[in-house]
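The structure appears below as structure tokens.
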Amino acid sequence: MKLLAFFLSCLVAIIAVLATAMVSTPAYAVTVEVTEKVPGANCSGGTGSPQTRRATCEIGRGFESVMEILSGMIKYGTFLIVLIGVLMIVASGVQISMGAIDSSMREDAKKRITQVLTGLAFLFLVSMILNTVAPWVYR
């Protein structure tokens with residue numbers, strides 16, 4: 001539990017430092033020509049065959065691009081954790097319904113549901129803290 005609290009406090013501190021660095025970053029972009037459109041960049045073109053396809057993208061300089069990448073990773077991770085949690089609750093519900101076969105199976109499923117709900121509540125708490133410290137993450 002102490003290790004988890006330490007990890008969470010380090011994560012919040014890192015995000016706070018990154019959010020502070022965002023304020024001092026100049027807001028101009030670099031234009032690059034690529035063969036595939038870059039997600040999160042303002043791209044135009046990119047049609048045709050793979051050999052001749054070219055897209056022109058504007059990629060933000062400085063910390064803005066890093067913030068977009070971190071924001072996407074955090075959103076994706078949150079989605080996956082919630083999805084896995086819901087699937088675990090459904091699987092445990094099925095296991096509880098089959099608990100007439102083995103009573104220990106029912107107790108294990110109840111314990112798993114409690115653990116998943118605790119984990120999802122912890123994720124919600126971390127999301128609230130993260131939204132308070134660095135609101136750009138969930139925009």
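Identifiers in the structure tokens: chain A, B, ... in order shown; residue index from 1 per chain; ligand index from 1 in order shown.
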Residue contacts of Gly85 in chain A (8 Å, only C-alpha atoms) excluding same-chain residues fewer than 6 positions away, as a ChimeraX atom specification:
/A:116-117,120
Closest of A:Cys57, A:Val90, A:Met98, A:Val82 to Ile113 in chain A, counting only C-alpha atoms, is A:Val90
Gly45 in chain A: which residues within 10 Å, counting only C-alpha atoms, same-chain residues fewer than 6 positions away excluded, as a PyMOL selection string?
chain A and resi 33-37+53-57
Report, in Å with one decimal, the straight-line distance from CA of Val86 in chain A to CA of Met67 in chain A.
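Computed distance, CA of Val86 in chain A to CA of Met67 in chain A, equals 28.4 Å.
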What separation in Å, quoted to one decimal, exists between CA of Val32 in chain A and CA of Gly72 in chain A?
21.4 Å
Calculated over only C-alpha atoms, which of the candidates A:Arg139, A:Arg112, A:Arg106, A:Lys75 has the smallest distance to Leu87 in chain A?
A:Arg112
Residue nearest Ile59 in chain A among A:Ser71, A:Asn42, A:Thr47, A:Ser104 (counting only C-alpha atoms):
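Smallest separation from Ile59 in chain A among the options: A:Asn42.
Reported to one decimal place, the separation of CA of Thr114 in chain A from CA of Ser92 in chain A is 10.2 Å.
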Need the shell around Phe124 in chain A: protein/DNA/RNA residues with any atom at most 12 Å away, counting only C-alpha atoms. Skip same-chain ones fewer than 6 positions apart. Format as a list in words?
Thr78, Phe79, Ile81, Val82, Leu117, Thr118, Leu130 and Asn131 of chain A
